[in-house]
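For reference, model_5.csv is printed below; it contains CSV, C-alpha atoms and all ligand atoms.
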```
chain,number,residue,atom,x,y,z
A,14,MET,CA,-6.5,-4.7,33.1
A,15,TYR,CA,-5.0,-3.5,36.4
A,16,LYS,CA,-6.0,-6.8,38.0
A,17,ASP,CA,-2.7,-8.2,36.5
A,18,ASN,CA,-0.9,-5.9,38.9
A,19,PRO,CA,-2.7,-5.2,42.2
A,20,ALA,CA,-0.4,-2.2,42.9
A,21,LEU,CA,-2.2,-0.3,40.2
A,22,GLY,CA,-5.6,-0.8,41.8
A,23,THR,CA,-4.9,0.9,45.1
A,24,LYS,CA,-7.3,3.8,45.7
A,25,GLU,CA,-4.9,6.8,45.7
A,26,ALA,CA,-1.8,6.8,43.5
A,27,TYR,CA,-0.1,9.5,45.6
A,28,VAL,CA,-1.1,11.7,48.6
A,29,PRO,CA,0.3,15.2,47.9
A,30,GLY,CA,0.8,18.0,50.4
A,31,LEU,CA,-2.2,20.4,50.7
A,32,THR,CA,-2.2,23.7,48.9
A,33,SER,CA,-2.2,27.2,50.5
A,34,GLU,CA,-5.3,28.0,48.4
A,35,TYR,CA,-7.3,25.1,49.9
A,36,VAL,CA,-6.4,26.0,53.5
A,37,SER,CA,-7.0,29.7,53.0
A,38,LYS,CA,-10.5,29.1,51.5
A,39,THR,CA,-11.5,26.4,54.0
A,40,TYR,CA,-10.4,28.2,57.2
A,41,GLY,CA,-10.7,31.9,56.0
A,42,ILE,CA,-7.0,32.6,56.6
A,43,PRO,CA,-5.3,35.2,54.2
A,44,ILE,CA,-3.2,33.2,51.8
A,45,ALA,CA,0.0,35.0,52.6
A,46,ASP,CA,-0.4,34.0,56.2
A,47,VAL,CA,-0.7,30.3,55.5
A,48,ALA,CA,2.4,28.4,56.5
A,49,LYS,CA,2.9,25.8,53.7
A,50,LEU,CA,5.3,23.4,55.4
A,51,GLY,CA,4.5,20.1,53.8
A,52,SER,CA,6.2,19.9,50.4
A,53,ALA,CA,9.8,21.1,51.2
A,54,GLU,CA,9.7,23.9,48.6
A,55,ASN,CA,11.7,27.1,48.5
A,56,PRO,CA,9.8,29.8,50.5
A,57,PHE,CA,11.7,32.5,48.7
A,58,GLY,CA,10.1,31.5,45.3
A,59,PRO,CA,12.0,30.6,42.2
A,60,SER,CA,15.6,31.5,41.3
A,61,PRO,CA,15.3,35.0,39.8
A,62,MET,CA,17.8,34.1,37.0
A,63,ALA,CA,15.7,31.1,36.0
A,64,THR,CA,12.5,33.2,36.1
A,65,GLU,CA,13.9,35.8,33.9
A,66,VAL,CA,15.0,33.3,31.2
A,67,VAL,CA,11.7,31.4,31.4
A,68,MET,CA,9.6,34.5,31.1
A,69,SER,CA,11.5,35.9,28.1
A,70,ALA,CA,11.7,32.6,26.2
A,71,ARG,CA,9.9,32.9,22.9
A,72,LYS,CA,11.3,30.0,20.8
A,73,ILE,CA,8.7,27.4,21.7
A,74,GLU,CA,7.3,26.7,18.2
A,75,ASN,CA,10.0,24.1,17.5
A,76,TYR,CA,10.6,20.8,19.2
A,77,PRO,CA,13.3,21.1,21.8
A,78,ASP,CA,16.6,19.2,21.6
A,79,TRP,CA,15.4,15.8,22.8
A,80,THR,CA,18.5,15.2,24.9
A,81,ALA,CA,18.2,18.6,26.8
A,82,GLY,CA,21.8,18.9,25.5
A,83,ALA,CA,22.4,22.5,26.8
A,84,LEU,CA,21.5,21.4,30.3
A,85,ARG,CA,23.5,18.2,30.2
A,86,GLU,CA,26.5,20.2,29.2
A,87,LYS,CA,26.0,22.8,31.9
A,88,ILE,CA,25.5,20.2,34.6
A,89,ALA,CA,28.6,18.2,33.4
A,90,SER,CA,30.8,21.3,33.3
A,91,LYS,CA,29.6,22.5,36.8
A,92,TYR,CA,30.5,19.2,38.4
A,93,GLY,CA,33.5,18.2,36.3
A,94,TYR,CA,31.9,15.3,34.3
A,95,LYS,CA,31.0,14.7,30.6
A,96,PRO,CA,27.6,15.4,29.1
A,97,GLU,CA,27.1,11.7,28.3
A,98,GLN,CA,27.2,11.0,32.0
A,99,VAL,CA,24.1,13.1,32.6
A,100,ILE,CA,20.4,12.4,32.1
A,101,CYS,CA,17.6,15.0,32.6
A,102,GLY,CA,14.0,14.4,33.4
A,103,ALA,CA,10.8,16.1,34.6
A,104,GLY,CA,12.1,15.9,38.1
A,105,GLU,CA,13.8,13.1,39.8
A,106,THR,CA,10.4,11.5,40.0
A,107,GLU,CA,10.4,10.9,36.3
A,108,ILE,CA,13.9,9.4,36.3
A,109,ILE,CA,13.4,6.9,39.2
A,110,PRO,CA,11.1,4.6,37.1
A,111,TRP,CA,13.6,4.5,34.2
A,112,ILE,CA,16.3,3.4,36.7
A,113,ILE,CA,14.1,0.7,38.1
A,114,ARG,CA,13.1,-0.5,34.7
A,115,ALA,CA,16.6,-0.5,33.3
A,116,TYR,CA,18.4,-2.1,36.3
A,117,SER,CA,15.9,-4.6,37.6
A,118,SER,CA,13.4,-7.1,36.3
A,119,LYS,CA,10.0,-8.2,37.6
A,120,GLY,CA,10.3,-9.9,41.0
A,121,ASP,CA,13.7,-8.4,41.7
A,122,LYS,CA,14.3,-6.8,45.1
A,123,ILE,CA,15.0,-3.1,45.7
A,124,LEU,CA,16.4,-2.0,49.0
A,125,MET,CA,15.3,1.1,50.9
A,126,TYR,CA,14.9,2.4,54.4
A,127,VAL,CA,11.5,2.7,55.8
A,128,PRO,CA,10.4,5.5,56.1
A,129,ALA,CA,11.8,6.9,52.8
A,130,PHE,CA,10.6,9.0,49.9
A,131,PRO,CA,7.4,7.1,49.0
A,132,ILE,CA,8.1,7.2,45.2
A,133,TYR,CA,10.8,4.5,45.6
A,134,HIS,CA,8.4,1.8,46.8
A,135,MET,CA,5.5,3.0,44.8
A,136,VAL,CA,7.3,2.7,41.5
A,137,ALA,CA,8.9,-0.6,42.6
A,138,GLU,CA,5.5,-2.0,43.4
A,139,ASN,CA,3.9,-0.6,40.2
A,140,GLU,CA,6.6,-2.2,38.1
A,141,GLY,CA,6.2,-5.6,39.9
A,142,ARG,CA,9.5,-5.3,41.8
A,143,VAL,CA,9.7,-6.2,45.5
A,144,PRO,CA,10.7,-3.4,47.9
A,145,VAL,CA,12.9,-4.6,50.8
A,146,PHE,CA,12.3,-2.3,53.7
A,147,ILE,CA,14.9,-1.8,56.4
A,148,GLY,CA,13.5,-0.2,59.5
A,149,MET,CA,15.2,2.7,61.2
A,150,GLY,CA,16.1,2.7,64.9
A,151,ASP,CA,14.0,3.9,67.9
A,152,ASP,CA,15.2,7.5,67.3
A,153,LEU,CA,14.7,7.1,63.5
A,154,ASP,CA,18.5,6.6,63.2
A,155,PHE,CA,20.1,4.6,60.4
A,156,LYS,CA,20.8,0.9,60.9
A,157,TRP,CA,23.8,0.5,58.7
A,158,ASP,CA,24.7,-3.1,59.7
A,159,ASP,CA,21.1,-4.2,58.8
A,160,TYR,CA,21.2,-2.2,55.6
A,161,ILE,CA,24.5,-3.6,54.4
A,162,ALA,CA,23.6,-7.2,55.5
A,163,ALA,CA,20.4,-6.9,53.3
A,164,ILE,CA,22.4,-6.3,50.1
A,165,LYS,CA,21.9,-9.9,49.0
A,166,ASP,CA,22.3,-11.4,45.5
A,167,ASP,CA,18.6,-11.0,44.6
A,168,VAL,CA,18.7,-7.2,45.4
A,169,ARG,CA,19.3,-5.2,42.2
A,170,ILE,CA,19.0,-1.6,43.4
A,171,VAL,CA,19.9,0.1,46.6
A,172,PHE,CA,18.4,3.5,47.4
A,173,LEU,CA,20.0,6.1,49.7
A,174,THR,CA,18.7,9.6,50.3
A,175,ASN,CA,21.0,12.3,51.6
A,176,PRO,CA,20.0,14.1,53.6
A,177,HIS,CA,17.4,11.4,54.3
A,178,SER,CA,13.7,12.2,54.0
A,179,PRO,CA,11.7,12.4,56.2
A,180,THR,CA,14.2,12.6,59.0
A,181,GLY,CA,16.7,15.2,57.6
A,182,ARG,CA,19.6,13.1,58.8
A,183,LEU,CA,22.9,13.4,56.9
A,184,ILE,CA,24.8,10.4,55.7
A,185,PRO,CA,28.6,10.9,55.7
A,186,ASN,CA,30.4,10.1,52.4
A,187,ASP,CA,32.4,7.3,54.2
A,188,GLN,CA,29.1,5.5,55.0
A,189,ILE,CA,28.0,5.9,51.4
A,190,ARG,CA,31.4,4.3,50.3
A,191,LYS,CA,30.7,1.3,52.5
A,192,VAL,CA,27.3,0.8,50.9
A,193,CYS,CA,28.8,1.1,47.4
A,194,ARG,CA,31.5,-1.4,48.3
A,195,ALA,CA,29.0,-3.9,49.6
A,196,ALA,CA,26.8,-3.4,46.5
A,197,LYS,CA,29.1,-5.5,44.3
A,198,ASN,CA,26.3,-6.6,41.9
A,199,GLN,CA,23.8,-3.7,42.5
A,200,LEU,CA,23.3,-0.2,41.4
A,201,VAL,CA,23.3,2.4,44.3
A,202,VAL,CA,21.0,5.3,43.7
A,203,LEU,CA,22.0,8.3,45.8
A,204,ASP,CA,19.1,10.8,45.9
A,205,GLU,CA,20.5,14.2,46.8
A,206,ALA,CA,17.4,16.3,46.4
A,207,TYR,CA,18.2,18.2,49.6
A,208,ILE,CA,22.0,18.2,49.6
A,209,HIS,CA,22.5,22.0,49.4
A,210,PHE,CA,20.8,22.4,52.8
A,211,SER,CA,23.4,20.3,54.5
A,212,LYS,CA,26.1,22.8,53.4
A,213,THR,CA,28.2,19.8,52.2
A,214,ASN,CA,29.3,18.9,48.7
A,215,GLY,CA,27.5,15.5,49.0
A,216,GLY,CA,28.4,12.4,47.2
A,217,MET,CA,29.0,13.7,43.7
A,218,GLU,CA,32.8,13.2,44.1
A,219,LEU,CA,32.1,9.5,44.8
A,220,LEU,CA,31.3,9.0,41.1
A,221,ARG,CA,35.1,9.1,40.6
A,222,GLU,CA,35.5,6.1,42.9
A,223,PHE,CA,32.5,3.9,42.0
A,224,ASP,CA,31.0,2.8,38.8
A,225,ASN,CA,27.9,1.3,40.4
A,226,LEU,CA,26.6,4.7,41.6
A,227,ILE,CA,24.1,7.2,40.2
A,228,VAL,CA,23.6,10.5,41.9
A,229,MET,CA,20.3,12.3,41.5
A,230,ARG,CA,19.5,16.0,42.1
A,231,THR,CA,16.5,18.2,41.5
A,232,PHE,CA,15.7,21.8,40.7
A,233,SER,CA,12.6,21.6,42.8
A,234,LYS,CA,14.1,22.4,46.1
A,235,VAL,CA,17.0,24.9,46.6
A,236,TYR,CA,16.4,26.5,43.1
A,237,GLY,CA,12.6,26.9,43.8
A,238,LEU,CA,11.5,25.4,40.5
A,239,ALA,CA,9.2,22.6,41.6
A,240,GLY,CA,6.5,23.7,39.2
A,241,LEU,CA,8.9,23.7,36.2
A,242,ARG,CA,9.8,20.0,36.7
A,243,ILE,CA,13.5,19.3,36.3
A,244,GLY,CA,15.8,16.8,37.8
A,245,PHE,CA,18.9,14.9,36.7
A,246,GLY,CA,21.0,11.8,37.3
A,247,ILE,CA,24.7,11.6,36.9
A,248,SER,CA,26.8,8.4,36.6
A,249,THR,CA,29.0,6.5,34.1
A,250,PRO,CA,28.1,6.7,30.4
A,251,GLU,CA,27.4,2.9,30.5
A,252,ILE,CA,24.7,3.5,33.2
A,253,ILE,CA,23.2,6.6,31.5
A,254,THR,CA,22.9,5.2,28.0
A,255,PRO,CA,20.1,2.7,28.7
A,256,LEU,CA,18.2,5.4,30.6
A,257,MET,CA,18.4,7.6,27.5
A,258,HIS,CA,16.5,4.8,25.6
A,259,LEU,CA,13.8,4.6,28.2
A,260,LYS,CA,13.4,8.4,28.5
A,261,PRO,CA,10.3,9.6,26.6
A,262,THR,CA,11.9,11.4,23.6
A,263,TRP,CA,10.7,15.0,24.1
A,264,ASN,CA,10.1,14.9,27.9
A,265,MET,CA,12.1,18.1,28.5
A,266,GLY,CA,10.4,21.2,27.2
A,267,ALA,CA,12.5,24.2,26.1
A,268,LEU,CA,11.4,26.2,29.1
A,269,GLN,CA,12.5,23.6,31.6
A,270,THR,CA,15.9,23.3,30.0
A,271,ALA,CA,16.5,27.0,29.7
A,272,GLY,CA,15.3,27.7,33.3
A,273,ALA,CA,17.5,25.0,34.7
A,274,VAL,CA,20.6,26.2,32.8
A,275,ALA,CA,20.1,29.7,34.2
A,276,ALA,CA,19.4,28.5,37.7
A,277,LEU,CA,22.8,26.7,37.8
A,278,ASP,CA,24.5,30.1,37.6
A,279,ASP,CA,22.3,31.6,40.4
A,280,ASP,CA,24.9,31.0,43.2
A,281,ALA,CA,23.8,34.1,45.1
A,282,TYR,CA,20.3,32.8,45.3
A,283,VAL,CA,21.3,29.4,46.4
A,284,LYS,CA,23.5,30.9,49.1
A,285,LYS,CA,20.8,33.2,50.3
A,286,THR,CA,18.3,30.3,50.5
A,287,VAL,CA,20.7,27.9,52.2
A,288,ASP,CA,21.9,30.5,54.8
A,289,ALA,CA,18.3,31.6,55.6
A,290,ILE,CA,17.1,28.0,56.0
A,291,ALA,CA,20.0,27.1,58.2
A,292,GLU,CA,19.4,30.1,60.5
A,293,MET,CA,15.6,29.3,60.7
A,294,ARG,CA,16.3,25.6,61.3
A,295,GLU,CA,18.5,26.5,64.3
A,296,TYR,CA,15.8,28.9,65.5
A,297,VAL,CA,12.9,26.5,65.3
A,298,VAL,CA,14.8,23.5,66.7
A,299,GLU,CA,16.0,25.6,69.6
A,300,GLN,CA,12.5,27.0,70.4
A,301,ILE,CA,11.0,23.5,70.3
A,302,GLY,CA,13.7,22.2,72.6
A,303,LYS,CA,13.4,25.1,75.0
A,304,THR,CA,9.6,25.6,75.3
A,305,MET,CA,8.0,22.3,74.4
A,306,GLN,CA,9.9,19.7,76.4
A,307,GLY,CA,7.9,16.6,77.2
A,308,ARG,CA,5.3,17.4,74.4
A,309,TYR,CA,7.4,17.4,71.2
A,310,THR,CA,10.9,16.5,70.3
A,311,VAL,CA,12.9,17.2,67.1
A,312,VAL,CA,14.4,13.9,65.8
A,313,GLY,CA,18.2,13.9,65.5
A,314,GLN,CA,20.1,16.8,64.0
A,315,PRO,CA,18.3,17.8,60.8
A,316,SER,CA,20.5,18.8,57.9
A,317,SER,CA,17.7,19.6,55.4
A,318,ASN,CA,15.0,22.2,54.8
A,319,PHE,CA,12.6,20.1,57.0
A,320,PHE,CA,12.7,18.3,60.3
A,321,MET,CA,10.8,15.5,61.9
A,322,LEU,CA,8.8,16.2,65.0
A,323,ARG,CA,8.0,13.4,67.4
A,324,ILE,CA,4.8,13.8,69.5
A,325,GLU,CA,5.7,12.7,73.0
A,326,ASP,CA,2.3,13.1,74.6
A,327,PRO,CA,0.4,9.8,74.2
A,328,ALA,CA,-2.9,11.7,74.2
A,329,LEU,CA,-2.1,13.4,70.9
A,330,ASP,CA,-1.7,11.6,67.6
A,331,SER,CA,-0.3,12.9,64.3
A,332,THR,CA,-3.6,13.0,62.4
A,333,THR,CA,-5.3,15.1,65.2
A,334,LEU,CA,-2.2,17.4,65.3
A,335,PHE,CA,-2.2,17.7,61.5
A,336,ASN,CA,-5.9,18.7,61.5
A,337,GLU,CA,-5.5,21.2,64.4
A,338,LEU,CA,-2.5,22.8,62.7
A,339,LEU,CA,-4.5,23.1,59.5
A,340,LYS,CA,-7.2,25.1,61.3
A,341,ARG,CA,-4.4,27.4,62.4
A,342,GLY,CA,-3.2,27.9,58.9
A,343,VAL,CA,-0.2,25.5,59.1
A,344,ILE,CA,0.2,22.7,56.5
A,345,VAL,CA,2.7,19.9,57.4
A,346,LYS,CA,3.0,16.3,56.5
A,347,ASP,CA,1.3,13.7,58.7
A,348,GLY,CA,3.8,10.9,59.0
A,349,SER,CA,1.1,8.3,59.2
A,350,VAL,CA,-0.4,9.4,55.8
A,351,SER,CA,2.6,10.5,53.8
A,352,PHE,CA,5.1,7.7,54.7
A,353,ILE,CA,4.8,4.0,55.4
A,354,GLY,CA,6.2,2.6,58.6
A,355,LEU,CA,6.0,5.7,60.8
A,356,GLY,CA,2.9,5.2,62.9
A,357,LYS,CA,1.0,8.0,64.5
A,358,ARG,CA,3.7,9.9,66.3
A,359,TYR,CA,5.6,11.9,63.6
A,360,MET,CA,5.2,14.9,61.5
A,361,ARG,CA,7.6,16.2,58.8
A,362,ILE,CA,7.7,19.9,58.9
A,363,ASP,CA,9.5,22.3,56.5
A,364,VAL,CA,11.9,25.1,57.7
A,365,SER,CA,10.6,28.3,56.2
A,366,LEU,CA,10.3,32.1,56.8
A,367,LYS,CA,10.4,33.4,60.3
A,368,LYS,CA,6.7,34.4,60.2
A,369,HIS,CA,5.8,30.9,59.3
A,370,MET,CA,8.0,29.3,61.9
A,371,ASP,CA,6.4,31.6,64.5
A,372,ARG,CA,2.9,30.6,63.4
A,373,LEU,CA,3.9,27.0,63.7
A,374,LEU,CA,5.4,27.5,67.2
A,375,ARG,CA,2.3,29.4,68.3
A,376,ALA,CA,0.0,26.7,67.0
A,377,LEU,CA,2.1,23.8,68.5
A,378,SER,CA,2.0,25.4,71.9
A,379,GLU,CA,-1.8,26.2,71.7
A,380,ILE,CA,-2.9,22.7,70.7
A,381,GLN,CA,-3.9,20.7,73.8
A,382,PRO,CA,-4.6,16.9,73.6
A,383,VAL,CA,-8.1,15.9,74.6
A,384,ARG,CA,-7.8,13.8,77.7
B,401,LIG,C1,13.8,12.6,48.7
B,401,LIG,C2,13.2,13.2,47.5
B,401,LIG,N1,13.7,12.9,46.3
B,401,LIG,C3,13.1,13.5,45.2
B,401,LIG,C4,12.0,14.3,45.3
B,401,LIG,C5,11.3,14.8,44.1
B,401,LIG,O1,12.0,15.6,43.4
B,401,LIG,P1,11.4,16.1,41.9
B,401,LIG,O2,10.6,17.3,42.2
B,401,LIG,O3,12.7,16.4,41.3
B,401,LIG,O4,10.6,15.0,41.3
B,401,LIG,C6,11.5,14.6,46.6
B,401,LIG,C7,10.3,15.5,46.6
B,401,LIG,O5,9.7,15.8,47.6
B,401,LIG,C8,12.1,14.0,47.7
B,401,LIG,O6,11.6,14.3,48.9
```
Target encoding structure tokens, full file:
Amino acid sequence: MYKDNPALGTKEAYVPGLTSEYVSKTYGIPIADVAKLGSAENPFGPSPMATEVVMSARKIENYPDWTAGALREKIASKYGYKPEQVICGAGETEIIPWIIRAYSSKGDKILMYVPAFPIYHMVAENEGRVPVFIGMGDDLDFKWDDYIAAIKDDVRIVFLTNPHSPTGRLIPNDQIRKVCRAAKNQLVVLDEAYIHFSKTNGGMELLREFDNLIVMRTFSKVYGLAGLRIGFGISTPEIITPLMHLKPTWNMGALQTAGAVAALDDDAYVKKTVDAIAEMREYVVEQIGKTMQGRYTVVGQPSSNFFMLRIEDPALDSTTLFNELLKRGVIVKDGSVSFIGLGKRYMRIDVSLKKHMDRLLRALSEIQPVR
């Protein structure tokens, strides 16, 4: 069957970040010491308000409200929109295919930067759409003239990630406006999975200016609920309605919905996480800049809960560094495995607790290229 669609025949559907359990067992490192810096999760664990609600939920013998109505209402009122402007899914990763199916047809083009979150191009390919990849600059900077020039008539969907993954670079709202204006016949998908870590409000307010925009957010990152699987999209009712038809009817379990509703009130937890990550980001970027010159460089000015490390020493490549870090109990993302178009010089590394940042820094300074 898959021969009809070669994209479905590729060996691995997705390459996930490694688990702490695997690294602890393989290298004999106590699990609490493993620095899990590859999946951009919350190192402080889940939002306590969400945990409490999920743990005490008992009413699971009935089917949930298929629309996740309580969560749609909560999200709408938090951001000043209407419930019919919101759609919820088991993470953004579930919603992205609905958007691609609803707003493009087989053979249509879908625009994205390369590198970007791999799900965009994987879903596009799986659904028989054609990703158009716009390369980033030498310092993995955005190429906005190229990006905007590529919004041609046969492009149907334009992806933006803010802050961008894997670079952590922030896109100012004025730049997003330029893309929305250029996308006269396209839908702009603004993925704000990591927006809290930038300490900006992001592009949610742009929904009042543009009707060709959908903003996506997740509970997997700042709220620490990656295992519960909740994300949402917010746009005009006209854009959301077709997505509600594509949504599998009971995709949102009662626990997901209840946990997410509670998490949205956990402002203290969000603040604590964002402040701690910002402080540690400053620390690790400064340490790398001060002590590892000529060996490693942090790309740009990261605004997320991860940063991109460039390996400057030609005798060391990202896969060797990845494996050497693993032996020292540090899990990161090897750019050459987790993203297309990056080559062998980049790692995406999460910002985490101080003890994990110190383990990373120690490991990076220990590892010597074989000459
Ligand atoms: C840019 C980006 N968007 C979305 C997601 C996925 O979010 P979710 O867990 O809501 O599917 C990720 C996950 O790593 C991501 O990096």
Residues near Gly120 in chain A, anyone? I mean within 7 Å using all atoms listed in the file, not counting same-chain ones fewer than 4 positions away, as a list of chain:residue names.
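Final neighbour list, sorted by chain and number: A:Gly141, A:Arg142, A:Val143.
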Within 6 Å of (28.2, 2.5, 42.9), only C-alpha atoms: residues as a VMD selection string?
chain A and resid 193 200 to 201 223 to 226
Name each residue within 7 Å of ligand LIG 401 (chain B), counting all atoms listed in the file, as a short mmCIF file (atom, residue, chain, number, x, y, z; two decimals) with C-alpha atoms, in the coordinates of the input.
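Final output, result.cif:
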```
data_model
loop_
_atom_site.label_atom_id
_atom_site.label_comp_id
_atom_site.auth_asym_id
_atom_site.auth_seq_id
_atom_site.Cartn_x
_atom_site.Cartn_y
_atom_site.Cartn_z
CA SER A 52 6.20 19.90 50.40
CA ALA A 53 9.80 21.10 51.20
CA ALA A 103 10.80 16.10 34.60
CA GLY A 104 12.10 15.90 38.10
CA GLU A 105 13.80 13.10 39.80
CA THR A 106 10.40 11.50 40.00
CA GLU A 107 10.40 10.90 36.30
CA PHE A 130 10.60 9.00 49.90
CA THR A 174 18.70 9.60 50.30
CA HIS A 177 17.40 11.40 54.30
CA SER A 178 13.70 12.20 54.00
CA ASP A 204 19.10 10.80 45.90
CA GLU A 205 20.50 14.20 46.80
CA ALA A 206 17.40 16.30 46.40
CA ARG A 230 19.50 16.00 42.10
CA THR A 231 16.50 18.20 41.50
CA PHE A 232 15.70 21.80 40.70
CA SER A 233 12.60 21.60 42.80
CA ALA A 239 9.20 22.60 41.60
CA ARG A 242 9.80 20.00 36.70
CA ILE A 243 13.50 19.30 36.30
CA GLY A 244 15.80 16.80 37.80
#
```
With distances taken over all atoms listed in the file, which of A:Ile73, A:Leu50, A:Ile252, A:Met125 is nearest to Ala267 in chain A?
A:Ile73
Residues near His258 in chain A, anyone? I mean within 12 Å using only C-alpha atoms, not counting same-chain ones fewer than 4 positions away, as a VMD selection string.
chain A and resid 79 to 80 100 108 111 to 112 114 to 115 252 to 254 262 to 263
Those same residues - C-alpha atoms - I'd like them written as a PDB file, in the coordinates of the input.
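Final file, part_21.pdb:
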```pdb
ATOM      1  CA  TRP A  79      15.400  15.800  22.800  1.00  0.00           C
ATOM      2  CA  THR A  80      18.500  15.200  24.900  1.00  0.00           C
ATOM      3  CA  ILE A 100      20.400  12.400  32.100  1.00  0.00           C
ATOM      4  CA  ILE A 108      13.900   9.400  36.300  1.00  0.00           C
ATOM      5  CA  TRP A 111      13.600   4.500  34.200  1.00  0.00           C
ATOM      6  CA  ILE A 112      16.300   3.400  36.700  1.00  0.00           C
ATOM      7  CA  ARG A 114      13.100  -0.500  34.700  1.00  0.00           C
ATOM      8  CA  ALA A 115      16.600  -0.500  33.300  1.00  0.00           C
ATOM      9  CA  ILE A 252      24.700   3.500  33.200  1.00  0.00           C
ATOM     10  CA  ILE A 253      23.200   6.600  31.500  1.00  0.00           C
ATOM     11  CA  THR A 254      22.900   5.200  28.000  1.00  0.00           C
ATOM     12  CA  THR A 262      11.900  11.400  23.600  1.00  0.00           C
ATOM     13  CA  TRP A 263      10.700  15.000  24.100  1.00  0.00           C
TER      14      TRP A 263
END
```
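Near Tyr40 in chain A, within 9 Å and counting only C-alpha atoms, sit Leu339, Lys340, Arg341 and Gly342 of chain A, not including residues fewer than 6 positions from it in the same chain.
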Quick one: residues within 12 Å of Ser60 in chain A, all atoms listed in the file counted, chain neighbours fewer than 5 positions away excluded, as an MDAnalysis selection string?
chainID A and resid 55 65:67 232:239 241 272:286
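Each of A:Glu74, A:Asp158, A:Glu222, A:Asp347 was compared to Ser331 in chain A using only C-alpha atoms, and A:Asp347 turns out to be the nearest.
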Determine the nearest neighbour of Val297 in chain A from the options A:Asn318, A:Asn139, A:Asn336, A:Ser37, counting all atoms listed in the file.
A:Asn318
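Counting all atoms listed in the file and comparing A:Lys346, A:Lys191, A:Lys357, A:His369, the residue that lies closest to Thr32 in chain A is A:Lys346.
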Contacts of Leu124 in chain A within 6 Å, all atoms listed in the file, excl. fewer than 3 positions in-chain, as a list in words
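Final neighbour list, sorted by chain and number: Pro144, Val145 and Val171 of chain A.
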Measuring between only C-alpha atoms, which one of A:Leu219, A:Val99, A:Val287, A:Met293 shows the shortest distance to Pro250 in chain A?
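When distances to Pro250 in chain A are compared using only C-alpha atoms, the smallest one comes from A:Val99.
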Closest of A:Phe352, A:Tyr76, A:Phe245, A:Phe320 to Ala89 in chain A - atom-to-atom distances counting all atoms listed in the file:
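Ranked by minimum distance to Ala89 in chain A, first place goes to A:Phe245.
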Using CA of Gln199 in chain A and CA of Pro315 in chain A as the two end points, give the distance in Å to one decimal.
28.8 Å
Between CA of Glu97 in chain A and CA of Asn198 in chain A, what is the spacing in Å?
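Atom-to-atom, CA of Asn198 in chain A to CA of Glu97 in chain A, that is 22.8 Å.
Picture a line from CA of Tyr359 in chain A to CA of Gln300 in chain A; it runs 17.9 Å.
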